[in-house]
2 protein chains.
Amino acid sequence: MDFLTEIIGTDTKAIHKKFKKKEIIQKQGVVSKNAFYVKKGLIRSYSIDEKGKEHIFMFGAEDWIIADLESNVFNKPTELCIETIEDSEIVIFTIDDFNYAESSKEKLQKNSKLLARRIGSLQRRVIQLMSSSAKERYQIFLETYPLLPNRVPQKMIASYLGITPEALSKIRGES
Amino acid sequence: MDFLTEIIGTDTKAIHKKFKKKEIIQKQGVVSKNAFYVKKGLIRSYSIDEKGKEHIFMFGAEDWIIADLESNVFNKPTELCIETIEDSEIVIFTIDDFNYAESSKEKLQKNSKLLARRIGSLQRRVIQLMSSSAKERYQIFLETYPLLPNRVPQKMIASYLGITPEALSKIRGES
DNA sequence: TGCATTTCTTAATCTAGATTAATGGAGATG
DNA sequence: CATCTCCATTAATCTAGATTAAGAAATGCA
């Protein structure tokens, strides 16, 4: 049984869909019950601030699930826009599949673990943003996601780190 | 039925305990299965970086639950130190009570919702840290937690915002 | 109550990273 | 193939917020 089946089971209405590079999978501002499992390819979620600037919240490569969970669970409009970086195969399923169907207790507990892990990684990211310099954050990024830098353009890495492409270029030049 | 009972049920080994101001409830670096429900008072969780600087991760006033969830679920040493700001009454319970006991499916789903909400607030915090100035973050903090500023010393608010007390003092002077 | 310690504020300097601008590639598109 | 647009880099300036320092206010403690 693969990872996806393990999570959402088999008897769901999940949709498999192919996207080209730079296609928007989900716009921000809509109320969405969708979650996106990356079967193949690479996607990103990002928010756009009042000044029109993009801030990448996270990347999703193979086997990752990307979703604006709060929007899902509490019917809030999404704050995140989701878009492909490479040609990708995405499995779109609803949060009901993930959590509120006739899931077994075992599955619910497994899902809770996934949520706890995500909370952990967000917690580390917040602490990192508060306590580390751009250079340190870049190095942590390289260690944490060693395969991404080859697939993601510099300017998106900069956006993920919360700095400008110029600043990242400088940092890279130094080391 | 109060909020706590609703979450952890009644038949648990939860411990009620009183703490004085500035007492450490949990040290960082230990593997802990504990979560802390604030019945009365005010606590904070924070990490200490290599330079010995404290960074407040979150505050917990009445009815909040504070825990290093990833440590709980995955047996990692905690990254967070938890300490009282005021004299407090804390209910200490284990993550097993929260999630892995003979919980009903209903309860597990409710817990998932709590986790999703926490993910949402962390997500907003990350985006905020990347896209807003210190002044904007302070204003958002005031709007989001209107009651805290009266109870929390300035330097801790600064630490939560990721700036120095001097910078916060300047911001406050301006507006 | 009085002294000591911590907290808050103000001001002077310093610096990481933003902004602006200009250049040379690299892909896309006709 | 030539042109166009986007991307990465470098350099010059600018600025938010850090650091340092010192005084004032608040708080704790004997």
# chains A, B, ... in the order shown; residues from 1 in each chain; ligands from 1
>>> residues_around(residues="DA26 (chain C)", least_positions_apart="4", cutoff="12 Å", atoms="only C-alpha atoms (C1' of nucleotides)", output="list of chain:residue names")
D:DC4, D:DT5, D:DC6, D:DC7, D:DA8
>>> residues_around(residues="Lys39 (chain B)", least_positions_apart="6", cutoff="7 Å", atoms="only C-alpha atoms (C1' of nucleotides)", output="mmCIF file with N, CA, C and O atoms, in the first residue's frame")
data_model
loop_
_atom_site.group_PDB
_atom_site.id
_atom_site.type_symbol
_atom_site.label_atom_id
_atom_site.label_comp_id
_atom_site.auth_asym_id
_atom_site.auth_seq_id
_atom_site.Cartn_x
_atom_site.Cartn_y
_atom_site.Cartn_z
ATOM 1 N N GLU B 62 -5.543 31.934 30.352
ATOM 2 C CA GLU B 62 -6.615 31.022 30.734
ATOM 3 C C GLU B 62 -7.201 30.265 29.535
ATOM 4 O O GLU B 62 -7.499 30.864 28.508
ATOM 5 N N ASP B 63 -7.363 28.990 29.689
ATOM 6 C CA ASP B 63 -8.010 28.111 28.710
ATOM 7 C C ASP B 63 -7.121 27.711 27.533
ATOM 8 O O ASP B 63 -7.581 27.067 26.596
ATOM 9 N N GLU B 89 -2.399 28.369 37.948
ATOM 10 C CA GLU B 89 -2.873 27.015 38.185
ATOM 11 C C GLU B 89 -2.848 26.257 36.871
ATOM 12 O O GLU B 89 -3.524 26.635 35.913
ATOM 13 N N ILE B 90 -2.083 25.188 36.856
ATOM 14 C CA ILE B 90 -1.872 24.452 35.615
ATOM 15 C C ILE B 90 -2.377 23.027 35.773
ATOM 16 O O ILE B 90 -2.175 22.402 36.811
ATOM 17 N N VAL B 91 -3.042 22.535 34.737
ATOM 18 C CA VAL B 91 -3.394 21.123 34.717
ATOM 19 C C VAL B 91 -2.420 20.417 33.771
ATOM 20 O O VAL B 91 -2.345 20.746 32.587
#
>>> select_by_dssp(residues="region 3-104 of chain B", states="helix (DSSP H, G or I)", output="PyMOL selection string")
chain B and resi 3-8+69-74+95-100
>>> residues_around(residues="DT15 (chain C)", least_positions_apart="6", cutoff="10 Å", atoms="only C-alpha atoms (C1' of nucleotides)", output="number ranges by chain")
D: 17-19
>>> residues_around(residues="DA16 (chain D)", least_positions_apart="3", cutoff="10 Å", atoms="only C-alpha atoms (C1' of nucleotides)", output="list in words")
Ser133, Ala134 and Ala167 of chain B; DA16, DG17 and DA18 of chain C
>>> interface_residues(of="chain B", to="chain D", cutoff="12 Å", atoms="only C-alpha atoms (C1' of nucleotides)", output="list in words")
Ser132, Ser133, Ala134, Lys135, Pro153, Gly162, Ile163, Thr164, Pro165, Glu166, Ala167, Leu168, Ser169, Lys170 and Ile171 of chain B
>>> write_last_selection(atoms="N, CA, C and O atoms", output="PDB file, in the first residue's frame")
ATOM      1  N   SER B 132       5.762  41.406   7.176  1.00  0.00           N
ATOM      2  CA  SER B 132       5.394  42.646   7.865  1.00  0.00           C
ATOM      3  C   SER B 132       6.559  43.258   8.633  1.00  0.00           C
ATOM      4  O   SER B 132       7.443  42.554   9.099  1.00  0.00           O
ATOM      5  N   SER B 133       6.528  44.558   8.767  1.00  0.00           N
ATOM      6  CA  SER B 133       7.525  45.265   9.570  1.00  0.00           C
ATOM      7  C   SER B 133       7.220  45.056  11.048  1.00  0.00           C
ATOM      8  O   SER B 133       6.136  44.608  11.419  1.00  0.00           O
ATOM      9  N   ALA B 134       8.178  45.388  11.888  1.00  0.00           N
ATOM     10  CA  ALA B 134       8.006  45.245  13.332  1.00  0.00           C
ATOM     11  C   ALA B 134       6.781  46.023  13.804  1.00  0.00           C
ATOM     12  O   ALA B 134       6.003  45.543  14.626  1.00  0.00           O
ATOM     13  N   LYS B 135       6.605  47.210  13.275  1.00  0.00           N
ATOM     14  CA  LYS B 135       5.463  48.048  13.668  1.00  0.00           C
ATOM     15  C   LYS B 135       4.147  47.372  13.314  1.00  0.00           C
ATOM     16  O   LYS B 135       3.227  47.318  14.132  1.00  0.00           O
ATOM     17  N   PRO B 153       5.122  41.891  30.400  1.00  0.00           N
ATOM     18  CA  PRO B 153       6.128  42.951  30.333  1.00  0.00           C
ATOM     19  C   PRO B 153       6.535  43.251  28.888  1.00  0.00           C
ATOM     20  O   PRO B 153       6.552  42.345  28.042  1.00  0.00           O
ATOM     21  N   GLY B 162       9.954  39.268  17.932  1.00  0.00           N
ATOM     22  CA  GLY B 162      11.241  39.050  17.280  1.00  0.00           C
ATOM     23  C   GLY B 162      12.083  40.297  17.153  1.00  0.00           C
ATOM     24  O   GLY B 162      12.902  40.421  16.255  1.00  0.00           O
ATOM     25  N   ILE B 163      11.867  41.264  18.054  1.00  0.00           N
ATOM     26  CA  ILE B 163      12.669  42.489  18.043  1.00  0.00           C
ATOM     27  C   ILE B 163      13.225  42.760  19.445  1.00  0.00           C
ATOM     28  O   ILE B 163      12.899  42.050  20.395  1.00  0.00           O
ATOM     29  N   THR B 164      14.055  43.781  19.574  1.00  0.00           N
ATOM     30  CA  THR B 164      14.622  44.132  20.878  1.00  0.00           C
ATOM     31  C   THR B 164      13.651  45.031  21.653  1.00  0.00           C
ATOM     32  O   THR B 164      12.822  45.712  21.047  1.00  0.00           O
ATOM     33  N   PRO B 165      13.768  45.058  22.976  1.00  0.00           N
ATOM     34  CA  PRO B 165      12.937  45.958  23.776  1.00  0.00           C
ATOM     35  C   PRO B 165      13.117  47.416  23.354  1.00  0.00           C
ATOM     36  O   PRO B 165      12.142  48.171  23.328  1.00  0.00           O
ATOM     37  N   GLU B 166      14.336  47.789  22.983  1.00  0.00           N
ATOM     38  CA  GLU B 166      14.596  49.166  22.537  1.00  0.00           C
ATOM     39  C   GLU B 166      13.771  49.506  21.295  1.00  0.00           C
ATOM     40  O   GLU B 166      13.180  50.586  21.212  1.00  0.00           O
ATOM     41  N   ALA B 167      13.740  48.580  20.343  1.00  0.00           N
ATOM     42  CA  ALA B 167      12.986  48.816  19.114  1.00  0.00           C
ATOM     43  C   ALA B 167      11.492  48.943  19.413  1.00  0.00           C
ATOM     44  O   ALA B 167      10.810  49.820  18.878  1.00  0.00           O
ATOM     45  N   LEU B 168      10.991  48.092  20.320  1.00  0.00           N
ATOM     46  CA  LEU B 168       9.568  48.162  20.656  1.00  0.00           C
ATOM     47  C   LEU B 168       9.238  49.487  21.340  1.00  0.00           C
ATOM     48  O   LEU B 168       8.219  50.116  21.047  1.00  0.00           O
ATOM     49  N   SER B 169      10.118  49.911  22.217  1.00  0.00           N
ATOM     50  CA  SER B 169       9.912  51.175  22.923  1.00  0.00           C
ATOM     51  C   SER B 169       9.796  52.331  21.934  1.00  0.00           C
ATOM     52  O   SER B 169       8.935  53.203  22.069  1.00  0.00           O
ATOM     53  N   LYS B 170      10.643  52.299  20.929  1.00  0.00           N
ATOM     54  CA  LYS B 170      10.619  53.315  19.879  1.00  0.00           C
ATOM     55  C   LYS B 170       9.279  53.282  19.136  1.00  0.00           C
ATOM     56  O   LYS B 170       8.633  54.318  18.971  1.00  0.00           O
ATOM     57  N   ILE B 171       8.851  52.099  18.740  1.00  0.00           N
ATOM     58  CA  ILE B 171       7.588  51.937  18.027  1.00  0.00           C
ATOM     59  C   ILE B 171       6.424  52.477  18.861  1.00  0.00           C
ATOM     60  O   ILE B 171       5.566  53.199  18.366  1.00  0.00           O
TER      61      ILE B 171
END
>>> closest_atom_pairs(of="chain C", to="chain B", cutoff="10 Å", atoms="only C-alpha atoms (C1' of nucleotides)", output="tab-separated table")
residue	atom	partner	partner_atom	distance
C:DT7	C1'	B:Lys155	CA	8.0
C:DC8	C1'	B:Ser169	CA	7.6
C:DT9	C1'	B:Ser169	CA	6.7
C:DT10	C1'	B:Lys170	CA	8.7
>>> atom_distance(atom1="CA of Ile127 (chain A)", atom2="CA of Val73 (chain A)")
25.5 Å
>>> residues_around(residues="Glu23 (chain B)", least_positions_apart="4", cutoff="8 Å", atoms="only C-alpha atoms (C1' of nucleotides)", output="tab-separated table (two decimals) with C-alpha atoms, in the first residue's frame")
chain	number	residue	atom	x	y	z
B	19	PHE	CA	3.00	27.59	40.41
B	83	GLU	CA	7.61	29.12	32.47
B	84	THR	CA	4.98	31.04	34.41
B	85	ILE	CA	4.63	34.80	34.00
>>> interface_residues(of="chain B", to="chain A", cutoff="10 Å", atoms="only C-alpha atoms", output="PyMOL selection string")
chain B and resi 46-51+53-57+68-74+79-80+99-100+102-106+108-109+111-132+159-163
